[in-house]
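Contents: one structure, followed by commentary.
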Amino acid sequence: MNREEDGDDEVVCLDESFFINDDYQLTTFTFGSQVLHLFCLQSASTDFDLTGQLVWPGAMLMNDYLSKNPDVLQASSILELGSGVGVTGILCSRFCREVLLTDHNEEVLKVKILKKNIEHHTSSENPNSDAGLAVEKLEWGNSDQINKIIQKYPVEQFLRLKGRGQCKFILAYVSRAKSMDSMVLNEATRHGLLINEIVGTRSVVGNLEGVIFEVTLK
């Protein structure tokens with residue numbers, strides 16, 4: 001924090017660390033027979049892009065679905081967008097071959113959260129040790145970061161398998177405004193995606209309605 005004199009007024013300048021809450025607590029999450037212990041916040045502000053520091057309703061919805069349908073992950077390679085504390089990516093690694101977790105937030109990517117949670121779940125002390133977990137920085141639309149990932153991982157090859165029906169996206173969608181619901185479907189269609197609701201996945205998460213979509217490339 002810096003103080004500057006501007007005439008008769010005193011100006012207080014706050015750096016970004018003032019807004020960061022790093023009081024992470026080891027929290028237990030249970031999804032079916034799978035138990036995860038993760039460091040995360042119990043609440044966070046969205047004012048300074050701190051959304052990746054806690055587990056959101058969408059992640060709870062997604063993990064509940066995956067724990068009940070682990071067959072969708074068998075022998076798969078997973079690319080997760082916006083991994084946050086890693087709750088979904090780490091769960092996926094219990095069932096599939098390899099997982100690449102991505103996020104753009106530096107606070108999330110630091111040893112404090114995501115990598116710390118991965119290390120906790122890949123330690124020799126953990127009986128459910130997970131393998132094939134990797135982390136990369138990815139801000140959606142950043143071509144440099146995308147190219148770096150493509151060079152290190154077979155993402156491009158993965159996407160080219162679409163013609164054989166082997167590439168799909170699973171979206172856990174939590175409705176916050178009805179106007180957004182139709183927008184999600186319309187945008188998917190506009191970009192050449194087929195989006196279908198998975199029957200039987202509608203549920204209430206907290207006080208919000210959620211649903212799982214399967215999205216495929218045309």
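Please note that chains go A, B, ... in the order of the structure tokens, that every chain numbers its residues from 1, and that ligands are numbered from 1 in the order shown.
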
Distance query Leu36 in chain A at most 9 Å, only C-alpha atoms, self and fewer than 5 positions along chain excluded, as an MDAnalysis selection string: chainID A and resid 27:31 87 90:91 121

Quick one: write out the picked residues with N, CA and C atoms as a PDB file, in the first residue's frame?
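Saved result, result.pdb, follows:
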```
ATOM      1  N   THR A  27     -10.563 -28.815   2.810  1.00  0.00           N
ATOM      2  CA  THR A  27     -11.993 -29.126   2.829  1.00  0.00           C
ATOM      3  C   THR A  27     -12.242 -30.490   2.186  1.00  0.00           C
ATOM      4  N   THR A  28     -13.167 -31.237   2.754  1.00  0.00           N
ATOM      5  CA  THR A  28     -13.490 -32.567   2.242  1.00  0.00           C
ATOM      6  C   THR A  28     -14.718 -32.509   1.338  1.00  0.00           C
ATOM      7  N   PHE A  29     -14.605 -33.120   0.167  1.00  0.00           N
ATOM      8  CA  PHE A  29     -15.710 -33.211  -0.783  1.00  0.00           C
ATOM      9  C   PHE A  29     -15.946 -34.689  -1.087  1.00  0.00           C
ATOM     10  N   THR A  30     -17.199 -35.098  -1.050  1.00  0.00           N
ATOM     11  CA  THR A  30     -17.539 -36.488  -1.325  1.00  0.00           C
ATOM     12  C   THR A  30     -18.471 -36.565  -2.529  1.00  0.00           C
ATOM     13  N   PHE A  31     -18.055 -37.333  -3.534  1.00  0.00           N
ATOM     14  CA  PHE A  31     -18.860 -37.549  -4.738  1.00  0.00           C
ATOM     15  C   PHE A  31     -18.976 -39.056  -4.935  1.00  0.00           C
ATOM     16  N   VAL A  87     -10.962 -29.319  -8.405  1.00  0.00           N
ATOM     17  CA  VAL A  87     -11.864 -30.343  -7.882  1.00  0.00           C
ATOM     18  C   VAL A  87     -12.364 -31.295  -8.978  1.00  0.00           C
ATOM     19  N   ILE A  90      -9.121 -33.300 -10.762  1.00  0.00           N
ATOM     20  CA  ILE A  90      -8.584 -34.338  -9.882  1.00  0.00           C
ATOM     21  C   ILE A  90      -9.531 -35.522  -9.808  1.00  0.00           C
ATOM     22  N   LEU A  91     -10.839 -35.251  -9.756  1.00  0.00           N
ATOM     23  CA  LEU A  91     -11.803 -36.360  -9.766  1.00  0.00           C
ATOM     24  C   LEU A  91     -11.694 -37.136 -11.079  1.00  0.00           C
ATOM     25  N   HIS A 121      -2.801 -34.906  -3.849  1.00  0.00           N
ATOM     26  CA  HIS A 121      -3.480 -36.095  -4.356  1.00  0.00           C
ATOM     27  C   HIS A 121      -2.580 -37.020  -5.153  1.00  0.00           C
TER      28      HIS A 121
END
```

Within 7 Å of Gln25 in chain A using only C-alpha atoms, minus same-chain residues under 5 positions, as a PyMOL selection string: chain A and resi 39-41

Pick the closest to Gly52 in chain A from A:Leu193, A:Ile113, A:Cys167, A:Ile198: which is it, counting only C-alpha atoms? A:Ile113

I need the residues in range 52-202 of chain A that are helix (DSSP H, G or I) according to DSSP; give them as an MDAnalysis selection string. chainID A and resid 52:53 57:68 70:72 87:92 106:109 114:122 143:152 155:164 178:190

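Excluding Arg176 in chain A and any residue on its chain fewer than 4 positions from it, the residues at most 12 Å away by only C-alpha atoms are A:Pro57, A:Gly58, A:Met180, A:Asp181, A:Ser182, A:Val184, A:Val204, A:Val205, A:Gly206, A:Asn207, A:Leu208, A:Glu209, A:Gly210.
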
May I have the residues within 9 Å of range 115-117 of chain A as a list in words, using only C-alpha atoms and disregarding those fewer than 4 positions away in the same chain?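 Counting only the stated atoms, we get His37, Leu38, Phe39, Val85, Gly86, Val87, Ile90, Val108, Leu109, Lys110, Val111, His121, Thr122, Ala134 and Val135 of chain A.
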
Could you save the residues just selected, with N, CA, C and O atoms, as a CSV table (one decimal), in the first residue's frame?
```csv
chain,number,residue,atom,x,y,z
A,37,HIS,N,-9.8,-34.2,-0.8
A,37,HIS,CA,-9.5,-33.2,0.2
A,37,HIS,C,-8.7,-32.1,-0.5
A,37,HIS,O,-7.6,-32.3,-1.0
A,38,LEU,N,-9.3,-30.9,-0.5
A,38,LEU,CA,-8.8,-29.8,-1.3
A,38,LEU,C,-8.6,-28.6,-0.5
A,38,LEU,O,-9.5,-28.3,0.4
A,39,PHE,N,-7.6,-27.8,-0.7
A,39,PHE,CA,-7.4,-26.5,-0.1
A,39,PHE,C,-8.2,-25.5,-1.0
A,39,PHE,O,-8.1,-25.4,-2.2
A,85,VAL,N,-9.6,-24.6,-8.2
A,85,VAL,CA,-8.8,-25.4,-7.2
A,85,VAL,C,-8.6,-26.8,-7.7
A,85,VAL,O,-7.9,-27.6,-7.0
A,86,GLY,N,-9.1,-27.2,-8.8
A,86,GLY,CA,-8.8,-28.6,-9.3
A,86,GLY,C,-9.8,-29.7,-9.0
A,86,GLY,O,-9.5,-30.8,-9.2
A,87,VAL,N,-11.0,-29.3,-8.4
A,87,VAL,CA,-11.9,-30.3,-7.9
A,87,VAL,C,-12.4,-31.3,-9.0
A,87,VAL,O,-12.4,-32.5,-8.8
A,90,ILE,N,-9.1,-33.3,-10.8
A,90,ILE,CA,-8.6,-34.3,-9.9
A,90,ILE,C,-9.5,-35.5,-9.8
A,90,ILE,O,-9.1,-36.7,-9.8
A,108,VAL,N,-4.5,-18.7,-8.7
A,108,VAL,CA,-4.9,-20.1,-8.7
A,108,VAL,C,-3.7,-21.0,-9.1
A,108,VAL,O,-3.5,-22.1,-8.6
A,109,LEU,N,-2.9,-20.5,-10.1
A,109,LEU,CA,-1.8,-21.3,-10.6
A,109,LEU,C,-0.6,-21.5,-9.7
A,109,LEU,O,0.2,-22.4,-9.8
A,110,LYS,N,-0.5,-20.6,-8.7
A,110,LYS,CA,0.6,-20.7,-7.8
A,110,LYS,C,0.5,-21.9,-7.0
A,110,LYS,O,-0.5,-22.6,-6.9
A,111,VAL,N,1.6,-22.2,-6.3
A,111,VAL,CA,1.7,-23.4,-5.4
A,111,VAL,C,0.6,-23.4,-4.4
A,111,VAL,O,0.2,-24.5,-3.9
A,121,HIS,N,-2.8,-34.9,-3.8
A,121,HIS,CA,-3.5,-36.1,-4.4
A,121,HIS,C,-2.6,-37.0,-5.2
A,121,HIS,O,-3.0,-38.1,-5.6
A,122,THR,N,-1.3,-36.6,-5.4
A,122,THR,CA,-0.4,-37.5,-6.1
A,122,THR,C,0.7,-38.0,-5.1
A,122,THR,O,1.6,-38.6,-5.6
A,134,ALA,N,-1.5,-32.6,-15.2
A,134,ALA,CA,-0.6,-31.6,-15.6
A,134,ALA,C,-1.4,-30.2,-15.5
A,134,ALA,O,-2.6,-30.2,-15.6
A,135,VAL,N,-0.6,-29.1,-15.4
A,135,VAL,CA,-1.2,-27.8,-15.3
A,135,VAL,C,-0.6,-26.9,-16.3
A,135,VAL,O,0.7,-26.8,-16.4
```

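Between CA of Leu79 in chain A and CA of Leu100 in chain A lies a distance of 4.9 Å.
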
Do you have the CA of Glu214 in chain A-CA of Ser67 in chain A distance handy?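 Atom-to-atom, CA of Glu214 in chain A and CA of Ser67 in chain A are spaced 16.0 Å apart.
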
Determine, counting only C-alpha atoms, which protein, DNA and RNA residues have an atom within 10 Å of an atom of Arg202 in chain A; residues of the same chain fewer than 4 positions away are not included. Present the result as a list in words.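 With the cut-off at 10 Å, the set is Leu61, Tyr173, Val174, Glu197, Ile198, Glu209, Gly210, Val211, Ile212 and Phe213 of chain A.
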
Can you list, as a ChimeraX atom specification, every residue of range 53-199 of chain A that DSSP puts in strand (DSSP E or B)? /A:77-80,98-103,133-137,168-174,193-197

Next, dump the selected residues to file, keeping only N, CA, C and O atoms, as a compact mmCIF listing (two decimals), in the first residue's frame.
```txt
# COMPACT_ATOMS: atom_id res chain seq x y z
N SER A 77 -8.68 -38.80 -22.55
CA SER A 77 -7.77 -37.70 -22.21
C SER A 77 -8.64 -36.47 -22.00
O SER A 77 -9.48 -36.15 -22.83
N ILE A 78 -8.44 -35.78 -20.88
CA ILE A 78 -9.32 -34.68 -20.48
C ILE A 78 -8.57 -33.35 -20.51
O ILE A 78 -7.46 -33.24 -19.99
N LEU A 79 -9.19 -32.35 -21.11
CA LEU A 79 -8.71 -30.98 -21.06
C LEU A 79 -9.77 -30.17 -20.32
O LEU A 79 -10.89 -30.04 -20.80
N GLU A 80 -9.41 -29.64 -19.15
CA GLU A 80 -10.37 -28.86 -18.37
C GLU A 80 -10.08 -27.38 -18.50
O GLU A 80 -8.93 -26.94 -18.35
N GLU A 98 -5.31 -39.38 -18.60
CA GLU A 98 -4.53 -38.18 -18.31
C GLU A 98 -5.45 -36.96 -18.31
O GLU A 98 -6.47 -36.93 -18.99
N VAL A 99 -5.05 -35.96 -17.52
CA VAL A 99 -5.85 -34.75 -17.38
C VAL A 99 -4.94 -33.53 -17.47
O VAL A 99 -3.91 -33.47 -16.78
N LEU A 100 -5.31 -32.57 -18.31
CA LEU A 100 -4.62 -31.29 -18.37
C LEU A 100 -5.56 -30.24 -17.77
O LEU A 100 -6.63 -29.99 -18.31
N LEU A 101 -5.16 -29.66 -16.66
CA LEU A 101 -5.96 -28.63 -15.99
C LEU A 101 -5.43 -27.27 -16.41
O LEU A 101 -4.21 -27.04 -16.43
N THR A 102 -6.33 -26.35 -16.75
CA THR A 102 -5.90 -25.02 -17.17
C THR A 102 -6.67 -23.94 -16.42
O THR A 102 -7.82 -24.13 -16.03
N ASP A 103 -6.00 -22.82 -16.24
CA ASP A 103 -6.63 -21.63 -15.66
C ASP A 103 -5.76 -20.45 -16.04
O ASP A 103 -4.58 -20.61 -16.39
N LEU A 133 -1.65 -35.99 -14.20
CA LEU A 133 -2.17 -34.64 -13.99
C LEU A 133 -1.11 -33.62 -14.37
O LEU A 133 0.04 -33.71 -13.94
N ALA A 134 -1.50 -32.63 -15.19
CA ALA A 134 -0.60 -31.56 -15.58
C ALA A 134 -1.36 -30.24 -15.54
O ALA A 134 -2.59 -30.21 -15.64
N VAL A 135 -0.62 -29.14 -15.39
CA VAL A 135 -1.23 -27.81 -15.27
C VAL A 135 -0.58 -26.85 -16.26
O VAL A 135 0.65 -26.83 -16.40
N GLU A 136 -1.39 -26.07 -16.96
CA GLU A 136 -0.89 -25.03 -17.85
C GLU A 136 -1.74 -23.77 -17.71
O GLU A 136 -2.93 -23.85 -17.39
N LYS A 137 -1.11 -22.63 -17.96
CA LYS A 137 -1.86 -21.38 -17.96
C LYS A 137 -2.59 -21.23 -19.27
O LYS A 137 -2.03 -21.43 -20.35
N LYS A 168 -15.80 -34.82 -27.46
CA LYS A 168 -17.01 -34.19 -26.95
C LYS A 168 -16.68 -33.36 -25.72
O LYS A 168 -15.66 -33.55 -25.06
N PHE A 169 -17.56 -32.43 -25.44
CA PHE A 169 -17.42 -31.55 -24.29
C PHE A 169 -18.58 -31.81 -23.35
O PHE A 169 -19.71 -32.02 -23.79
N ILE A 170 -18.29 -31.81 -22.08
CA ILE A 170 -19.35 -31.95 -21.08
C ILE A 170 -19.45 -30.62 -20.34
O ILE A 170 -18.46 -30.12 -19.79
N LEU A 171 -20.63 -30.03 -20.36
CA LEU A 171 -20.86 -28.73 -19.74
C LEU A 171 -21.85 -28.86 -18.60
O LEU A 171 -22.98 -29.32 -18.79
N ALA A 172 -21.41 -28.48 -17.41
CA ALA A 172 -22.31 -28.39 -16.27
C ALA A 172 -22.80 -26.95 -16.21
O ALA A 172 -22.02 -26.04 -15.92
N TYR A 173 -24.07 -26.75 -16.48
CA TYR A 173 -24.62 -25.40 -16.59
C TYR A 173 -25.56 -25.12 -15.42
O TYR A 173 -26.52 -25.87 -15.19
N VAL A 174 -25.28 -24.05 -14.71
CA VAL A 174 -26.13 -23.62 -13.60
C VAL A 174 -26.80 -22.31 -14.01
O VAL A 174 -26.13 -21.33 -14.34
N LEU A 193 -21.81 -26.09 -33.08
CA LEU A 193 -21.79 -27.15 -32.08
C LEU A 193 -23.18 -27.75 -31.93
O LEU A 193 -24.19 -27.07 -32.09
N LEU A 194 -23.20 -29.02 -31.63
CA LEU A 194 -24.45 -29.70 -31.29
C LEU A 194 -24.50 -29.82 -29.77
O LEU A 194 -23.61 -30.39 -29.16
N ILE A 195 -25.53 -29.26 -29.16
CA ILE A 195 -25.62 -29.27 -27.71
C ILE A 195 -26.92 -29.96 -27.29
O ILE A 195 -28.01 -29.57 -27.72
N ASN A 196 -26.80 -30.99 -26.49
CA ASN A 196 -27.95 -31.77 -26.08
C ASN A 196 -27.96 -31.94 -24.56
O ASN A 196 -26.92 -32.24 -23.95
N GLU A 197 -29.13 -31.75 -23.98
CA GLU A 197 -29.28 -31.97 -22.55
C GLU A 197 -29.25 -33.47 -22.25
O GLU A 197 -29.90 -34.27 -22.93
```

Computed interatomic separation between CA of Pro70 in chain A and CA of Ser83 in chain A (Å):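 So the answer is 18.9 Å.
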